[in-house]
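**Q** Structure provided below as structure tokens; questions to follow.
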Amino acid sequence: MTIGPVLAAVVAWGLLAVPARSGGGDVDASAKVDAAVEAERRAQKIPGLSLAVCRDGKLIKATGYGLGNVEWNGAVTPQTIFQTGSVGKQFTAMAVLMLVEEGKIGLDDKVSQYIPASPAIWKDVTVRHLLTHTSGIADYAGDEGPMGNGVIDLRRDYTEEELVTAYSKMKMDFAPGAKWSYSNTGYVLLGIVIHRVTSMFYGDFLQERIFKPLGMTSTHIINEADIVPLRSDGYRLLKGELKNQEWVSPALNTTADGALYTNVLDLAKWDAALRQRQFVKPASYKLMWSPVKLNDGTTYPYGFGWNLEDKGGFTAVSHTGSWQGFTMAINRYEKDALTVIVMTNLDSDHCKPENIVQDVAAIYLK
């Protein structure tokens, strides 16, 4: 069930909802969810927010709250387009697993096998290390990245070769497999690996092999030059005043660390595919949702593009994302067959969508 864009004109700061389609318990929970989410949205000063709740792979609630465009008073609906930020990493991870099953990539292959220009310090880095953030390759957005010494300039376009050269200048944080440390760099490199293996831009691979088969018609790589119906705007708070997002170069909005447009309706289709174990074998899903094993035999609660932790007292596979004035969170409670997705248009310095997800999940998980 979807909601036509015409209805967006009749609500500014109100709600649009897809009614729950399961038992009375979920219907009763829906009103509680609306009150809790709207209260938290106002407390966090989030301009607009979109929510989806899925039960057993079926969409039971999809709602828009607030404004997707503040300047034009454009209300958020379930169809409103947001940016995923790092939640997009799970699609990159799935693409890699698909290619692994096809025999085109080996999880323990050295990255240099696919990227010959890799520096000597990456000689022991494998595809598995990149997927699990255990490569030791520094995060380009960390101390040595755009907010640090300027390894990457967010206002400049780069080719894949230029990105590899820039990343090669960063020191390793630790030996591959020794620790866990979040690295956007690793997932950018995975996108390059996909390109080298398939001769397709990773975004085209996702479109052909995942988005189109699932009917995710609103999901694609970010392109701010395109005309995108129902696209929301990203915002940040500067000294308490709402401002538009900061500009990022077009090329850096196409990398495999999470540069996607989508909406909660499409993500509900993705959730259903995960629930049904589409695309890869059950063994690959188990691998994707298993904690990474470090060199010393200990584990860290992260798989391939997913966090593996208790959320509000309930076990979930989850991830958050933030980029260009957008934040989002998705929690999948496998044991309870419940998924909660929240997408917002406020920067991560001031918005915590994962808190909203947990609040909503607690209403349903009793």
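Numbering starts fresh at 1 for the residues of each chain in the structure tokens, the chains themselves are lettered A, B, ... in the order given, and ligands are numbered from 1 as they appear.
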Show me a table, sorted first by chain and then by increasing residue number, of the residues of region 219-336 of chain A having an atom at most 10 Å from region 159-164 of chain A, each with its shortest atom pair and the distance in Å to one decimal, counting only C-alpha atoms and written as CSV.
**A**
residue,atom,partner,partner_atom,distance
A:Ala251,CA,A:Thr159,CA,7.7
A:Leu252,CA,A:Thr159,CA,9.4
A:Thr255,CA,A:Glu160,CA,9.3
**Q** Counting only C-alpha atoms, what is within 8 Å of Gly305 (chain A), bar same-chain residues fewer than 2 positions away, as a list of chain:residue names?
**A** A:Val87, A:Lys89, A:Gln90, A:Phe91, A:Thr92, A:Ala93, A:Leu131, A:Thr132, A:Met288, A:Tyr302, A:Gly303, A:Asn307, A:His319
**Q** Enumerate, as a count of residues only, the complete set of residues in region 260-356 of chain A that a backbone-based DSSP assignment places in strand (DSSP E or B).
**A** 39
**Q** Give me every alpha helix (DSSP H) residue in region 11-203 of chain A, going by DSSP on the backbone, as a ChimeraX atom specification.
**A** /A:24-43,89-101,127-132,160-168,184-198,202-203
**Q** Find the residues near Tyr114 (chain A): any atom within 7 Å, counting only C-alpha atoms, skip ones fewer than 3 places away on the same chain, and give them as an NGL selection string.
**A** :A and (111 or 193 or 196)
**Q** If you take only C-alpha atoms and a cut-off of 12 Å, which residues of region 283-366 of chain A touch region 99-104 of chain A, and what are their nearest atom pairs and distances in Å to one decimal, in chain and number order, as a tab-separated table?
**A**
residue	atom	partner	partner_atom	distance
A:Ala283	CA	A:Glu101	CA	10.4
A:Ser284	CA	A:Glu101	CA	8.5
A:Tyr285	CA	A:Glu101	CA	11.7
**Q** Out of A:Leu260, A:Leu230, A:Met328, A:Ala362, which residue has the shortest atom-to-atom distance to Ser348 (chain A) when counting only C-alpha atoms?
**A** A:Met328
**Q** Write out as a list in words the residues lying within 12 Å of Thr165 (chain A), counting only C-alpha atoms and excluding same-chain residues fewer than 3 positions away.
**A**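 Here the answer would be Ile115, Pro116, Ala117, Ser118, Pro119, Val151, Ile152, Tyr158, Thr159, Glu160, Glu161, Glu162, Ser168, Lys169, Met170 and Leu189 of chain A.
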**Q** Please tabulate, as CSV, the residues of region 176-215 of chain A that come within 12 Å of region 290-295 of chain A, each with its closest pair of atoms and the distance in Å to one decimal, counting only C-alpha atoms and ordering rows by chain, then residue number upward.
**A**
residue,atom,partner,partner_atom,distance
A:Pro176,CA,A:Asn295,CA,8.4
A:Gly177,CA,A:Leu294,CA,5.3
A:Ala178,CA,A:Asn295,CA,5.3
A:Lys179,CA,A:Leu294,CA,6.4
A:Trp180,CA,A:Leu294,CA,8.0
A:Ser181,CA,A:Leu294,CA,11.7
**Q** Restricting the calculation to only C-alpha atoms: of A:Ser218, A:Leu287, A:Thr198, A:Asn184, which residue gets closest to Thr134 (chain A)?
**A** A:Asn184
**Q** Could I get the residues of region 302-328 of chain A with an atom no further than 12 Å from an atom of region 355-361 of chain A, each paired with its nearest atom pair and that distance in Å to one decimal, using only C-alpha atoms, sorted by chain and residue number, as CSV?
**A**
residue,atom,partner,partner_atom,distance
A:Asp310,CA,A:Gln358,CA,10.4
A:Lys311,CA,A:Gln358,CA,6.7
A:Gly312,CA,A:Gln358,CA,6.1
A:Gly313,CA,A:Gln358,CA,9.5
A:Phe314,CA,A:Ala361,CA,9.1
A:Thr315,CA,A:Gln358,CA,11.3
A:Ala316,CA,A:Gln358,CA,10.3
A:Ser318,CA,A:Val357,CA,10.2
A:His319,CA,A:Val357,CA,10.9
A:Thr320,CA,A:Val357,CA,10.3
A:Thr327,CA,A:Ile356,CA,11.7
A:Met328,CA,A:Val357,CA,9.3
